[in-house]
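File shown: protein12.cif. Contents: mmCIF, C-alpha atoms and all ligand atoms.
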data_input
#
loop_
_atom_site.label_atom_id
_atom_site.label_comp_id
_atom_site.auth_asym_id
_atom_site.auth_seq_id
_atom_site.Cartn_x
_atom_site.Cartn_y
_atom_site.Cartn_z
CA MET A 7 113.37 153.58 100.67
CA LYS A 8 116.69 151.76 100.90
CA ASN A 9 115.32 149.68 103.77
CA TYR A 10 112.23 148.92 101.77
CA PHE A 11 114.30 147.52 98.88
CA LEU A 12 116.44 145.54 101.28
CA THR A 13 113.33 144.00 102.84
CA VAL A 14 111.90 143.14 99.43
CA LEU A 15 115.22 141.57 98.43
CA LEU A 16 115.38 139.58 101.65
CA VAL A 17 111.83 138.29 101.33
CA PHE A 18 112.46 137.44 97.68
CA GLY A 19 115.68 135.65 98.63
CA LEU A 20 113.95 133.60 101.30
CA TYR A 21 111.15 132.75 98.93
CA CYS A 22 113.63 131.60 96.26
CA ASN A 23 115.44 129.41 98.77
CA ALA A 24 112.26 127.72 99.83
CA GLN A 25 111.76 125.92 96.54
CA LYS A 26 112.96 122.63 95.19
CA PHE A 27 114.72 122.63 91.82
CA GLU A 28 111.91 122.60 89.30
CA GLY A 29 111.91 120.92 85.90
CA LEU A 30 114.21 118.05 86.97
CA ALA A 31 111.88 115.06 86.83
CA GLN A 32 109.05 116.00 84.51
CA THR A 33 108.73 112.28 83.75
CA PRO A 34 109.60 109.58 86.33
CA PRO A 35 113.39 109.17 86.79
CA LEU A 36 114.95 106.10 85.14
CA GLY A 37 118.08 104.52 86.56
CA TRP A 38 119.81 101.91 88.70
CA ASN A 39 120.45 101.68 92.46
CA SER A 40 122.93 99.42 94.24
CA TRP A 41 120.90 98.41 97.30
CA ASN A 42 118.59 95.56 96.21
CA THR A 43 121.45 93.37 95.03
CA PHE A 44 124.61 94.63 96.68
CA ALA A 45 123.54 96.25 99.97
CA THR A 46 126.75 97.83 101.35
CA ASN A 47 129.09 95.66 99.22
CA ILE A 48 129.75 98.37 96.67
CA ASN A 49 132.90 99.77 95.12
CA GLU A 50 134.29 101.86 92.29
CA GLU A 51 134.79 98.96 89.86
CA LEU A 52 131.18 97.87 90.25
CA VAL A 53 129.86 101.35 89.54
CA LYS A 54 132.08 101.75 86.48
CA ASP A 55 130.96 98.33 85.21
CA ILE A 56 127.34 99.33 85.67
CA ALA A 57 127.92 102.57 83.76
CA ASP A 58 129.57 100.58 80.94
CA LYS A 59 126.64 98.16 80.92
CA PHE A 60 124.16 101.03 80.63
CA VAL A 61 125.75 101.80 77.28
CA GLU A 62 126.53 98.23 76.07
CA LEU A 63 123.13 96.75 76.87
CA GLY A 64 121.11 99.57 75.34
CA LEU A 65 119.82 100.79 78.72
CA LYS A 66 121.07 104.32 78.14
CA ASP A 67 119.48 104.29 74.71
CA ALA A 68 116.19 103.16 76.31
CA GLY A 69 116.29 106.22 78.59
CA TYR A 70 117.95 105.05 81.83
CA GLU A 71 120.04 107.87 83.19
CA TYR A 72 120.82 107.79 86.93
CA ILE A 73 123.31 105.49 88.64
CA VAL A 74 122.67 105.77 92.36
CA LEU A 75 124.93 104.49 95.13
CA ASP A 76 122.87 103.56 98.15
CA ASP A 77 123.98 103.07 101.77
CA GLY A 78 127.57 102.04 102.44
CA TRP A 79 129.60 104.40 100.25
CA MET A 80 131.00 106.42 103.17
CA ALA A 81 133.77 105.98 105.68
CA LYS A 82 132.45 105.35 109.20
CA GLU A 83 133.52 108.82 110.42
CA ARG A 84 133.45 112.36 109.04
CA ASP A 85 136.86 114.09 108.69
CA THR A 86 138.16 116.61 111.23
CA GLU A 87 136.25 119.41 109.49
CA GLY A 88 133.02 117.47 109.58
CA ASN A 89 133.00 116.53 105.90
CA LEU A 90 131.70 113.20 104.73
CA VAL A 91 134.42 111.01 103.26
CA ALA A 92 134.03 108.30 100.63
CA ASP A 93 135.23 104.92 101.94
CA PRO A 94 138.90 104.96 100.83
CA ILE A 95 139.05 101.21 100.25
CA LYS A 96 135.83 100.92 98.26
CA PHE A 97 136.30 104.21 96.39
CA PRO A 98 140.05 104.89 96.26
CA ASN A 99 139.68 107.73 93.73
CA GLY A 100 136.83 109.45 95.54
CA MET A 101 133.40 110.49 94.36
CA LYS A 102 134.35 113.36 92.08
CA ALA A 103 136.40 111.03 89.87
CA LEU A 104 133.53 108.54 89.79
CA ALA A 105 131.08 111.31 88.91
CA ASN A 106 133.40 112.32 86.06
CA TYR A 107 133.46 108.75 84.77
CA ILE A 108 129.68 108.46 84.87
CA HIS A 109 129.22 111.87 83.25
CA SER A 110 131.70 110.95 80.51
CA LYS A 111 129.22 108.23 79.49
CA GLY A 112 126.42 110.78 79.27
CA LEU A 113 124.84 109.47 82.48
CA LYS A 114 124.07 111.00 85.88
CA PHE A 115 125.26 110.10 89.37
CA GLY A 116 123.31 109.78 92.61
CA LEU A 117 124.24 109.25 96.25
CA TYR A 118 122.39 108.21 99.40
CA ASN A 119 122.26 109.70 102.85
CA CYS A 120 119.82 109.93 105.70
CA ALA A 121 117.94 112.60 107.66
CA GLY A 122 118.97 110.97 110.95
CA SER A 123 122.19 110.95 112.92
CA LYS A 124 123.25 107.74 111.20
CA THR A 125 122.16 105.96 108.03
CA CYS A 126 120.24 102.70 108.32
CA ALA A 127 123.50 100.75 107.93
CA GLY A 128 125.26 102.88 110.57
CA TYR A 129 127.24 105.40 108.49
CA PRO A 130 127.25 109.15 109.28
CA GLY A 131 123.83 110.71 108.66
CA SER A 132 123.17 114.31 107.64
CA ARG A 133 121.36 115.52 110.76
CA GLY A 134 122.97 118.85 111.68
CA TYR A 135 125.22 118.76 108.60
CA GLU A 136 122.63 119.32 105.89
CA TYR A 137 124.10 122.47 104.33
CA GLN A 138 127.68 121.21 104.57
CA ASP A 139 126.74 117.89 102.95
CA ALA A 140 124.73 119.60 100.19
CA ARG A 141 127.73 121.78 99.32
CA LEU A 142 129.95 118.70 99.22
CA TYR A 143 127.57 116.84 96.86
CA ALA A 144 127.44 119.90 94.60
CA SER A 145 131.26 120.09 94.58
CA TRP A 146 131.38 116.39 93.61
CA HIS A 147 128.88 117.05 90.77
CA ILE A 148 126.22 114.76 92.17
CA ASP A 149 122.86 114.81 90.32
CA TYR A 150 120.50 112.87 92.61
CA LEU A 151 120.16 112.40 96.36
CA LYS A 152 118.20 109.60 97.99
CA TYR A 153 117.48 110.67 101.56
CA ASP A 154 116.46 108.03 104.11
CA TRP A 155 114.73 108.11 107.49
CA CYS A 156 116.61 105.94 110.03
CA ASN A 157 117.74 107.23 113.44
CA THR A 158 115.54 110.32 113.29
CA GLU A 159 114.35 110.41 116.93
CA LYS A 160 112.09 113.43 117.56
CA LEU A 161 112.54 114.81 114.03
CA LYS A 162 109.44 115.76 112.07
CA ALA A 163 109.58 114.34 108.56
CA GLU A 164 108.25 117.32 106.65
CA GLY A 165 110.61 119.76 108.40
CA ALA A 166 113.62 117.46 108.05
CA TYR A 167 113.08 117.01 104.32
CA ILE A 168 112.44 120.74 103.84
CA THR A 169 115.78 121.48 105.55
CA MET A 170 117.61 119.23 103.10
CA ARG A 171 115.69 120.63 100.14
CA ASP A 172 116.70 124.15 101.16
CA ALA A 173 120.30 123.05 101.67
CA LEU A 174 120.40 121.54 98.16
CA LYS A 175 118.87 124.67 96.71
CA GLU A 176 121.44 126.83 98.42
CA ALA A 177 124.27 124.65 97.09
CA LYS A 178 123.00 125.71 93.65
CA ARG A 179 123.50 122.44 91.78
CA PRO A 180 120.25 120.98 90.41
CA ILE A 181 119.89 117.68 92.26
CA VAL A 182 116.88 115.36 92.07
CA PHE A 183 115.66 114.89 95.64
CA SER A 184 114.36 111.40 96.39
CA ILE A 185 112.49 111.19 99.70
CA CYS A 186 112.69 107.82 101.42
CA GLU A 187 110.65 107.83 104.62
CA TRP A 188 108.75 104.68 103.59
CA GLY A 189 105.37 106.41 103.39
CA ASP A 190 105.16 106.56 107.20
CA ASN A 191 104.25 110.26 107.26
CA GLU A 192 102.17 110.27 104.07
CA PRO A 193 104.64 112.37 102.07
CA TRP A 194 102.28 112.44 99.08
CA LYS A 195 100.28 114.97 101.13
CA TRP A 196 103.14 117.42 101.76
CA ALA A 197 106.15 116.63 99.56
CA LYS A 198 105.08 118.00 96.18
CA ASP A 199 107.17 121.14 96.73
CA VAL A 200 109.87 119.35 98.70
CA GLY A 201 111.10 116.44 96.58
CA HIS A 202 110.76 114.97 93.11
CA LEU A 203 109.78 111.49 94.27
CA TRP A 204 108.84 109.88 97.55
CA ARG A 205 108.80 106.24 98.60
CA VAL A 206 105.31 105.07 99.45
CA THR A 207 106.07 101.92 101.49
CA GLY A 208 108.75 100.01 103.34
CA ASP A 209 111.33 98.06 101.36
CA ILE A 210 110.49 95.89 98.39
CA ILE A 211 111.59 92.25 98.22
CA ASN A 212 111.86 89.96 95.22
CA CYS A 213 108.57 88.07 95.39
CA TRP A 214 105.17 88.31 93.77
CA ASP A 215 102.95 88.86 96.81
CA CYS A 216 104.77 88.02 100.05
CA GLU A 217 105.48 89.94 103.21
CA ILE A 218 108.63 89.13 105.16
CA GLY A 219 108.82 90.37 108.76
CA HIS A 220 112.11 91.52 110.30
CA GLY A 221 110.91 92.31 113.82
CA SER A 222 109.98 95.99 113.82
CA TRP A 223 109.61 96.25 110.03
CA SER A 224 108.63 94.20 106.97
CA SER A 225 109.63 93.92 103.34
CA PHE A 226 106.91 93.65 100.75
CA GLY A 227 106.48 91.80 97.47
CA VAL A 228 105.32 93.51 94.29
CA TRP A 229 101.56 93.08 94.77
CA LYS A 230 101.66 93.88 98.49
CA ILE A 231 103.14 97.27 97.58
CA ILE A 232 100.68 97.90 94.76
CA ASN A 233 97.66 97.03 96.90
CA MET A 234 98.85 99.05 99.87
CA ARG A 235 99.14 102.24 97.84
CA LYS A 236 96.76 101.97 94.92
CA ASP A 237 94.66 104.91 96.15
CA ILE A 238 97.13 107.82 96.11
CA ARG A 239 97.28 108.46 92.38
CA THR A 240 95.87 111.94 92.68
CA PHE A 241 99.12 113.10 94.32
CA ALA A 242 101.49 112.11 91.47
CA GLY A 243 102.33 114.17 88.41
CA PRO A 244 105.18 115.79 86.47
CA GLY A 245 107.99 116.64 88.88
CA HIS A 246 106.49 114.78 91.87
CA TRP A 247 106.08 111.02 91.77
CA ASN A 248 104.88 108.21 94.01
CA ASP A 249 107.95 105.95 94.20
CA PHE A 250 106.94 102.29 94.46
CA ASP A 251 110.59 101.42 95.26
CA MET A 252 113.57 100.16 93.28
CA MET A 253 112.66 97.28 91.00
CA GLU A 254 113.35 93.59 91.56
CA VAL A 255 113.30 92.71 87.85
CA GLY A 256 116.02 90.10 87.27
CA ASN A 257 116.33 89.27 90.96
CA GLY A 258 114.69 85.86 91.12
CA MET A 259 111.04 86.07 90.13
CA THR A 260 109.99 84.31 86.93
CA ASP A 261 110.33 86.13 83.60
CA ALA A 262 106.53 86.42 83.48
CA GLU A 263 106.45 87.96 86.97
CA ASP A 264 109.24 90.34 86.00
CA ARG A 265 107.27 91.44 82.93
CA SER A 266 104.21 92.07 85.13
CA HIS A 267 106.25 93.92 87.77
CA PHE A 268 107.81 96.13 85.09
CA ALA A 269 104.46 96.73 83.38
CA MET A 270 102.87 97.71 86.70
CA TRP A 271 105.65 100.13 87.65
CA THR A 272 105.21 101.80 84.27
CA MET A 273 101.42 101.91 84.66
CA LEU A 274 101.83 103.46 88.12
CA ALA A 275 104.13 106.17 86.71
CA SER A 276 106.65 105.06 89.32
CA PRO A 277 110.33 105.88 88.90
CA LEU A 278 111.95 102.92 87.10
CA ILE A 279 115.07 102.27 89.13
CA MET A 280 116.65 98.92 88.34
CA GLY A 281 118.04 96.93 91.26
CA ASN A 282 119.68 93.93 89.62
CA ASP A 283 123.26 93.00 88.74
CA LEU A 284 123.53 94.19 85.16
CA ARG A 285 126.86 92.42 84.67
CA ASN A 286 125.24 88.99 84.52
CA ALA A 287 121.61 89.73 83.69
CA SER A 288 119.84 87.24 81.43
CA LYS A 289 118.77 88.14 77.88
CA GLU A 290 115.14 87.94 78.95
CA THR A 291 115.70 90.37 81.85
CA ILE A 292 117.38 92.90 79.58
CA LYS A 293 114.69 92.46 76.94
CA THR A 294 112.11 93.41 79.56
CA LEU A 295 114.09 96.36 80.89
CA VAL A 296 114.88 97.95 77.52
CA ASN A 297 111.39 97.63 76.08
CA LYS A 298 110.92 101.13 74.71
CA GLU A 299 107.22 100.70 74.02
CA VAL A 300 106.60 99.82 77.66
CA ILE A 301 108.91 102.56 78.93
CA ALA A 302 107.05 105.09 76.76
CA VAL A 303 103.92 104.43 78.84
CA ASN A 304 105.84 105.31 82.00
CA GLN A 305 107.41 108.37 80.39
CA ASP A 306 104.20 109.71 78.88
CA LYS A 307 104.20 113.46 79.21
CA LEU A 308 100.77 113.73 80.85
CA GLY A 309 102.28 112.00 83.87
CA ILE A 310 98.99 110.47 85.00
CA GLN A 311 99.32 107.51 87.36
CA GLY A 312 97.29 104.53 86.15
CA PHE A 313 94.70 102.70 88.22
CA ARG A 314 92.86 99.41 88.58
CA PHE A 315 89.85 99.34 86.29
CA SER A 316 88.62 95.90 87.31
CA ASN A 317 89.57 92.76 89.16
CA GLU A 318 87.48 89.70 88.42
CA ASN A 319 88.24 85.98 88.31
CA ASN A 320 91.91 86.53 89.02
CA LEU A 321 92.28 88.92 86.08
CA GLU A 322 93.35 92.47 86.95
CA ILE A 323 92.83 95.19 84.37
CA TRP A 324 94.72 98.46 84.82
CA ILE A 325 94.38 101.57 82.68
CA LYS A 326 96.41 104.76 82.24
CA PRO A 327 95.43 107.75 80.11
CA LEU A 328 98.21 108.93 77.80
CA ALA A 329 98.82 112.08 75.79
CA ASN A 330 96.96 112.53 72.45
CA ASP A 331 93.92 110.70 73.86
CA GLU A 332 95.78 107.40 73.80
CA TRP A 333 95.52 104.78 76.55
CA ALA A 334 97.65 102.09 78.09
CA MET A 335 95.85 99.01 79.30
CA THR A 336 97.37 96.07 81.15
CA PHE A 337 95.74 92.69 81.80
CA VAL A 338 97.46 90.70 84.56
CA ASN A 339 96.76 87.02 85.08
CA MET A 340 96.94 86.63 88.86
CA SER A 341 96.04 82.91 88.77
CA ASP A 342 98.34 79.89 88.75
CA THR A 343 97.14 78.70 85.35
CA ILE A 344 96.94 80.09 81.84
CA THR A 345 93.88 82.24 81.18
CA THR A 346 91.95 83.10 78.03
CA ILE A 347 90.43 86.51 77.52
CA ASN A 348 87.67 87.54 75.17
CA PHE A 349 87.15 91.24 75.78
CA ASN A 350 84.26 93.06 74.17
CA TRP A 351 85.22 96.76 74.13
CA ASN A 352 81.64 97.91 73.81
CA LYS A 353 80.61 96.27 77.05
CA HIS A 354 82.96 98.35 79.24
CA ASP A 355 82.89 102.04 80.05
CA ILE A 356 86.57 102.73 80.24
CA GLY A 357 87.49 106.12 81.63
CA ASP A 358 89.28 108.14 84.25
CA ASN A 359 86.83 110.29 86.20
CA LEU A 360 89.59 111.99 88.16
CA ASN A 361 91.11 113.39 84.98
CA ASN A 362 87.92 113.54 82.98
CA ARG A 363 89.24 111.34 80.19
CA PHE A 364 87.20 108.61 78.54
CA LEU A 365 87.83 105.92 75.98
CA ASN A 366 85.13 106.44 73.41
CA VAL A 367 84.97 103.07 71.63
CA LYS A 368 81.35 103.64 70.62
CA ASN A 369 82.32 106.47 68.26
CA ILE A 370 86.02 106.00 67.67
CA ILE A 371 87.87 102.93 66.50
CA TYR A 372 91.18 102.58 68.33
CA LYS A 373 94.12 100.54 67.10
CA VAL A 374 95.34 97.96 69.62
CA ARG A 375 99.08 97.39 70.01
CA ASP A 376 100.69 94.60 72.10
CA LEU A 377 103.68 96.27 73.76
CA TYR A 378 105.59 93.17 74.85
CA ASN A 379 105.25 91.25 71.60
CA HIS A 380 105.52 94.38 69.44
CA LYS A 381 102.47 93.34 67.45
CA ASP A 382 99.34 95.07 66.20
CA LEU A 383 96.26 93.22 67.41
CA GLY A 384 93.58 94.81 65.22
CA THR A 385 91.14 97.39 66.55
CA THR A 386 88.50 97.93 69.19
CA SER A 387 85.82 97.15 66.59
CA ARG A 388 86.20 93.47 67.42
CA ASN A 389 86.71 91.48 70.60
CA LEU A 390 90.22 91.23 71.99
CA LYS A 391 91.12 87.56 72.25
CA ALA A 392 94.32 86.40 73.90
CA GLU A 393 95.89 83.86 76.22
CA ILE A 394 97.96 85.03 79.17
CA ASP A 395 100.28 82.74 81.13
CA SER A 396 100.18 82.56 84.90
CA HIS A 397 101.43 85.83 86.47
CA ASP A 398 102.11 87.24 83.00
CA VAL A 399 100.65 90.35 81.37
CA LEU A 400 99.15 91.55 78.16
CA MET A 401 100.07 95.20 77.90
CA LEU A 402 98.40 97.33 75.27
CA ARG A 403 98.49 100.82 73.81
CA LEU A 404 95.27 102.08 72.25
CA SER A 405 95.58 104.84 69.70
CA LYS A 406 93.33 106.44 67.11
C1 LIG A 501 116.19 101.63 103.83
C2 LIG A 501 115.69 102.03 102.46
C3 LIG A 501 116.33 101.11 101.45
C4 LIG A 501 117.85 101.26 101.54
C5 LIG A 501 118.32 100.98 102.96
C6 LIG A 501 119.79 101.30 103.15
O1 LIG A 501 115.63 102.46 104.80
O2 LIG A 501 114.29 101.93 102.41
O3 LIG A 501 115.87 101.42 100.15
O4 LIG A 501 118.19 102.57 101.16
O5 LIG A 501 117.58 101.76 103.91
O6 LIG A 501 120.23 101.09 104.46
#

Could the structure of this file be written out as C-alpha cells, please?
Ligand code: GAL
Amino acid sequence: MKNYFLTVLLVFGLYCNAQKFEGLAQTPPLGWNSWNTFATNINEELVKDIADKFVELGLKDAGYEYIVLDDGWMAKERDTEGNLVADPIKFPNGMKALANYIHSKGLKFGLYNCAGSKTCAGYPGSRGYEYQDARLYASWHIDYLKYDWCNTEKLKAEGAYITMRDALKEAKRPIVFSICEWGDNEPWKWAKDVGHLWRVTGDIINCWDCEIGHGSWSSFGVWKIINMRKDIRTFAGPGHWNDFDMMEVGNGMTDAEDRSHFAMWTMLASPLIMGNDLRNASKETIKTLVNKEVIAVNQDKLGIQGFRFSNENNLEIWIKPLANDEWAMTFVNMSDTITTINFNWNKHDIGDNLNNRFLNVKNIIYKVRDLYNHKDLGTTSRNLKAEIDSHDVLMLRLSK
C-alpha cells in the first residue's frame, strides 16, 4: 500500500512538473524590450529611465507591464560555480536590485537567454544549465523569460523548450515563457502547453514591407511578417499567443505607418512589446502607443486573433470578433495615395466561420466608433464614408 501511494505521488509530481505556469498571459503581454533600438548597448540607467517613462508617459496606465532586457545583459563567462553573472560594468548593482526598482514602480521585469550553448550575440547560453539558470532568475525575482534559438546544433526545439519550461516550473516562481525560435519549427503546433507566446518569424525591421537579407537570415518589415503568418490564427488564444515580434512603432516609419503597424498587432492579438527609445519618443508616437481604445481590442478577453476579411484595390479590411458580440474592424490603405471609402454594411457578410460568430447588420444596428480619432461615426444603418491617407488606417469598434 505504501508503495502504491509513493507511486501515485511520484506520478502526480511528474505530472505537475510537466506544466507551464497557467493564468499568466490570459491576454497578450504588454511591455518593452531593449533589442530593436539598443541591441547589446544596455545598462542599468537606461532600464531605470524606461521604468520611469512607463509611469510618466502614461504607458503603465495604458496597461504596459513588462520591461525586458534582451541579449547583452550578461558577463561573457559564468562564475566558478556555473552561475550566470550580470555584466558588472553595465549593471553594477546586479539584477536583483534592478528587479526591485522595476517592481517598486508596479511593473514587471524580464530577461533574455538562449536554448543554445551561446546566445546570438555570443554570451553564455542555457544549454546544460537550464535548472540552475531558472533558479537564479527566480532568486532575482524575474517575471518573464525570452528564450532564443542560436547555437542549438542537434537540439530539437520542442524538447529544448520543454526542458526550460520544466526548469522554470521547478524554480517555483511564475515566469512568462516567451519562445523565440523564429517560427522555424512551427511552435504554434506544439507550444501551447510549453510557453505563453512564440515568435512566428525571423526578426522584424522598421519598414512597411521590405525584406533585408543578412546572408543566412533575413529581417522582415511589418507587412512581410503579417503576410507570412496570416494563416495560423487557430493556434492563438488566452495564455498562448502568436508573437509577431517586438514593435517598431517610433523607430522611423511614418506616423501613419506606425498607426497601421500598431492597429495590426492589436488585431492579430500579438503581444504588444514596444521597441523604441521612450526617453525621446515623439508626442505622436506616444499618442499611438497609449491609445486605450486600440489596446482594448488587443486585450479583449475572448482572445481571438483577427483575420483578413478582404483585400481589393489596395484596401485591406481586417476583422476581429470581440466579447459581448462586438467587433473590431480595420481598413488599411496600402496605396501611395489617399483613398475614399464608401462601405455599405448590407452588401458584406461579415463573420468568423472558425469561431462561429457573425455580424448581423440585417437585424441589428451596430454603433460605429473610430478608435484613433475617438469619434462616433453613426451606425451600420448607413454607409460608412471616410478618407484614409496613404498607409494609414481607419480602426473601428462595432457595438450594439
Ligand atoms: C534574435 C532574436 C531577436 C533578439 C536577438 C538577440 O535571435 O530573434 O529578437 O533577441 O536574437 O541576439

Q. Which one of A:Gly189, A:Gly357, A:Gly219, A:Gly37 sits closest to ligand LIG 501 (chain A) if you count all atoms listed in the file?
A.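 Using all atoms listed in the file, the shortest distance to ligand LIG 501 (chain A) belongs to A:Gly189.
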
Q | From A:Asp358, A:Asp154, A:Asp376, A:Asp283, residue lying nearest A:Arg205 [all atoms listed in the file] | A |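 Selected residue with least distance to A:Arg205: A:Asp154.
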
Q) Counting only C-alpha atoms, which of A:Leu402, A:Leu383, A:Ile301, A:Ala81 gets nearest to A:Lys96? A)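 So, comparing all the options, the nearest one is A:Ala81.
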
Kindly list the centre and edge lengths in Å, rounded to one decimal, for the axis-aligned box that covers all listed atoms of stretch 106-122 of chain A plus 8 Å on each of its six sides, as lines of an AutoDock Vina configuration file.
center_x = 125.7
center_y = 110.4
center_z = 95.1
size_x = 31.5
size_y = 20.4
size_z = 47.7

(Q) Measuring between only C-alpha atoms, which one of A:Ser225, A:Asn233, A:Asp249, A:Arg314 shows the shortest distance to A:Glu187? (A) A:Asp249

Q: For the point (96.3, 98.6, 96.2) in the file's frame, write as a list of chain:residue names all residues with an atom no more than 12 Å away, counting all atoms listed in the file.
A: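 Returned residue set, sorted by chain then number, is A:Val206, A:Thr207, A:Asp215, A:Val228, A:Trp229, A:Lys230, A:Ile231, A:Ile232, A:Asn233, A:Met234, A:Arg235, A:Lys236, A:Asp237, A:Ile238, A:Arg239, A:Phe250, A:Met270, A:Leu274, A:Gly312, A:Phe313, A:Arg314, A:Phe315, A:Asn317, A:Glu322, A:Trp324.
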
Q) Using all atoms listed in the file, what residues lie at most 6 Å away from (106.7, 107.4, 89.8) (file coordinates), given as a ChimeraX atom specification? A) /A:34,247-249,275-277

Write out, as a Markdown table, each residue of chain A that has an atom at most 10 Å from ligand LIG 501 (chain A), together with the closest pair of atoms and their distance in Å to one decimal, counting only C-alpha atoms and all ligand atoms, rows going by chain and rising number.
| residue | atom | partner | partner_atom | distance |
| --- | --- | --- | --- | --- |
| A:Asn39 | CA | A:LIG501 | O3 | 9.0 |
| A:Ser40 | CA | A:LIG501 | O4 | 9.0 |
| A:Trp41 | CA | A:LIG501 | C4 | 6.0 |
| A:Asn42 | CA | A:LIG501 | O3 | 7.6 |
| A:Ala45 | CA | A:LIG501 | C6 | 7.0 |
| A:Thr46 | CA | A:LIG501 | O6 | 7.9 |
| A:Leu75 | CA | A:LIG501 | O4 | 9.2 |
| A:Asp76 | CA | A:LIG501 | O4 | 5.7 |
| A:Asp77 | CA | A:LIG501 | C6 | 4.8 |
| A:Gly78 | CA | A:LIG501 | O6 | 7.7 |
| A:Tyr118 | CA | A:LIG501 | O4 | 7.2 |
| A:Asn119 | CA | A:LIG501 | O4 | 8.4 |
| A:Cys120 | CA | A:LIG501 | O1 | 8.6 |
| A:Lys124 | CA | A:LIG501 | O6 | 9.9 |
| A:Thr125 | CA | A:LIG501 | O6 | 6.3 |
| A:Cys126 | CA | A:LIG501 | O6 | 4.2 |
| A:Ala127 | CA | A:LIG501 | O6 | 4.8 |
| A:Gly128 | CA | A:LIG501 | O6 | 8.1 |
| A:Tyr129 | CA | A:LIG501 | O6 | 9.2 |
| A:Lys152 | CA | A:LIG501 | O4 | 7.7 |
| A:Tyr153 | CA | A:LIG501 | O4 | 8.1 |
| A:Asp154 | CA | A:LIG501 | O1 | 5.7 |
| A:Trp155 | CA | A:LIG501 | O1 | 6.3 |
| A:Cys156 | CA | A:LIG501 | O1 | 6.4 |
| A:Ile185 | CA | A:LIG501 | O2 | 9.8 |
| A:Cys186 | CA | A:LIG501 | O2 | 6.2 |
| A:Glu187 | CA | A:LIG501 | O2 | 7.3 |
| A:Trp188 | CA | A:LIG501 | O2 | 6.3 |
| A:Arg205 | CA | A:LIG501 | O2 | 8.0 |
| A:Val206 | CA | A:LIG501 | O2 | 10.0 |
| A:Thr207 | CA | A:LIG501 | O2 | 8.3 |
| A:Gly208 | CA | A:LIG501 | O2 | 5.9 |
| A:Asp209 | CA | A:LIG501 | O2 | 5.0 |
| A:Ile210 | CA | A:LIG501 | O3 | 7.9 |
| A:Ser225 | CA | A:LIG501 | O2 | 9.3 |
| A:Asp251 | CA | A:LIG501 | O3 | 7.2 |
| A:Met252 | CA | A:LIG501 | O3 | 7.4 |

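From atom CA of A:Phe241 back to atom CA of A:Lys195, the distance works out to 7.2 Å.
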
Q | Residue neighbourhood stretch 56-62 of chain A, 8 Å, all atoms listed in the file, exclusion window fewer than 6 positions, as an MDAnalysis selection string | A | chainID A and resid 70 73 108 111 113 284:285

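Distances from A:Trp333, A:Phe183, A:Trp214, A:Trp79 to A:His202 were compared using all atoms listed in the file, and the smallest one belongs to A:Phe183.
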
Complete stretch 124-128 of chain A at the level of all heavy atoms, written as a PDB file, in the coordinates of the input.
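As a result, out-v8.pdb now contains:
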ATOM      1  N   LYS A 124     122.511 108.770 111.942  1.00  0.00           N
ATOM      2  CA  LYS A 124     123.250 107.740 111.200  1.00  0.00           C
ATOM      3  C   LYS A 124     122.351 107.158 110.123  1.00  0.00           C
ATOM      4  O   LYS A 124     121.126 107.196 110.239  1.00  0.00           O
ATOM      5  CB  LYS A 124     123.668 106.601 112.141  1.00  0.00           C
ATOM      6  CG  LYS A 124     124.846 106.952 113.019  1.00  0.00           C
ATOM      7  CD  LYS A 124     125.419 105.690 113.657  1.00  0.00           C
ATOM      8  CE  LYS A 124     126.572 105.978 114.606  1.00  0.00           C
ATOM      9  NZ  LYS A 124     127.649 106.788 114.044  1.00  0.00           N
ATOM     10  N   THR A 125     122.964 106.623 109.061  1.00  0.00           N
ATOM     11  CA  THR A 125     122.160 105.960 108.030  1.00  0.00           C
ATOM     12  C   THR A 125     121.641 104.640 108.607  1.00  0.00           C
ATOM     13  O   THR A 125     122.036 104.232 109.696  1.00  0.00           O
ATOM     14  CB  THR A 125     123.002 105.649 106.777  1.00  0.00           C
ATOM     15  OG1 THR A 125     123.908 104.573 107.091  1.00  0.00           O
ATOM     16  CG2 THR A 125     123.778 106.863 106.302  1.00  0.00           C
ATOM     17  N   CYS A 126     120.807 103.959 107.820  1.00  0.00           N
ATOM     18  CA  CYS A 126     120.240 102.700 108.320  1.00  0.00           C
ATOM     19  C   CYS A 126     121.336 101.655 108.538  1.00  0.00           C
ATOM     20  O   CYS A 126     121.216 100.798 109.401  1.00  0.00           O
ATOM     21  CB  CYS A 126     119.181 102.179 107.359  1.00  0.00           C
ATOM     22  SG  CYS A 126     117.831 103.341 107.128  1.00  0.00           S
ATOM     23  N   ALA A 127     122.415 101.728 107.759  1.00  0.00           N
ATOM     24  CA  ALA A 127     123.500 100.750 107.930  1.00  0.00           C
ATOM     25  C   ALA A 127     124.599 101.290 108.858  1.00  0.00           C
ATOM     26  O   ALA A 127     125.682 100.710 108.949  1.00  0.00           O
ATOM     27  CB  ALA A 127     124.082 100.379 106.569  1.00  0.00           C
ATOM     28  N   GLY A 128     124.338 102.426 109.524  1.00  0.00           N
ATOM     29  CA  GLY A 128     125.260 102.880 110.570  1.00  0.00           C
ATOM     30  C   GLY A 128     126.366 103.831 110.125  1.00  0.00           C
ATOM     31  O   GLY A 128     127.321 104.061 110.860  1.00  0.00           O
TER      32      GLY A 128
END
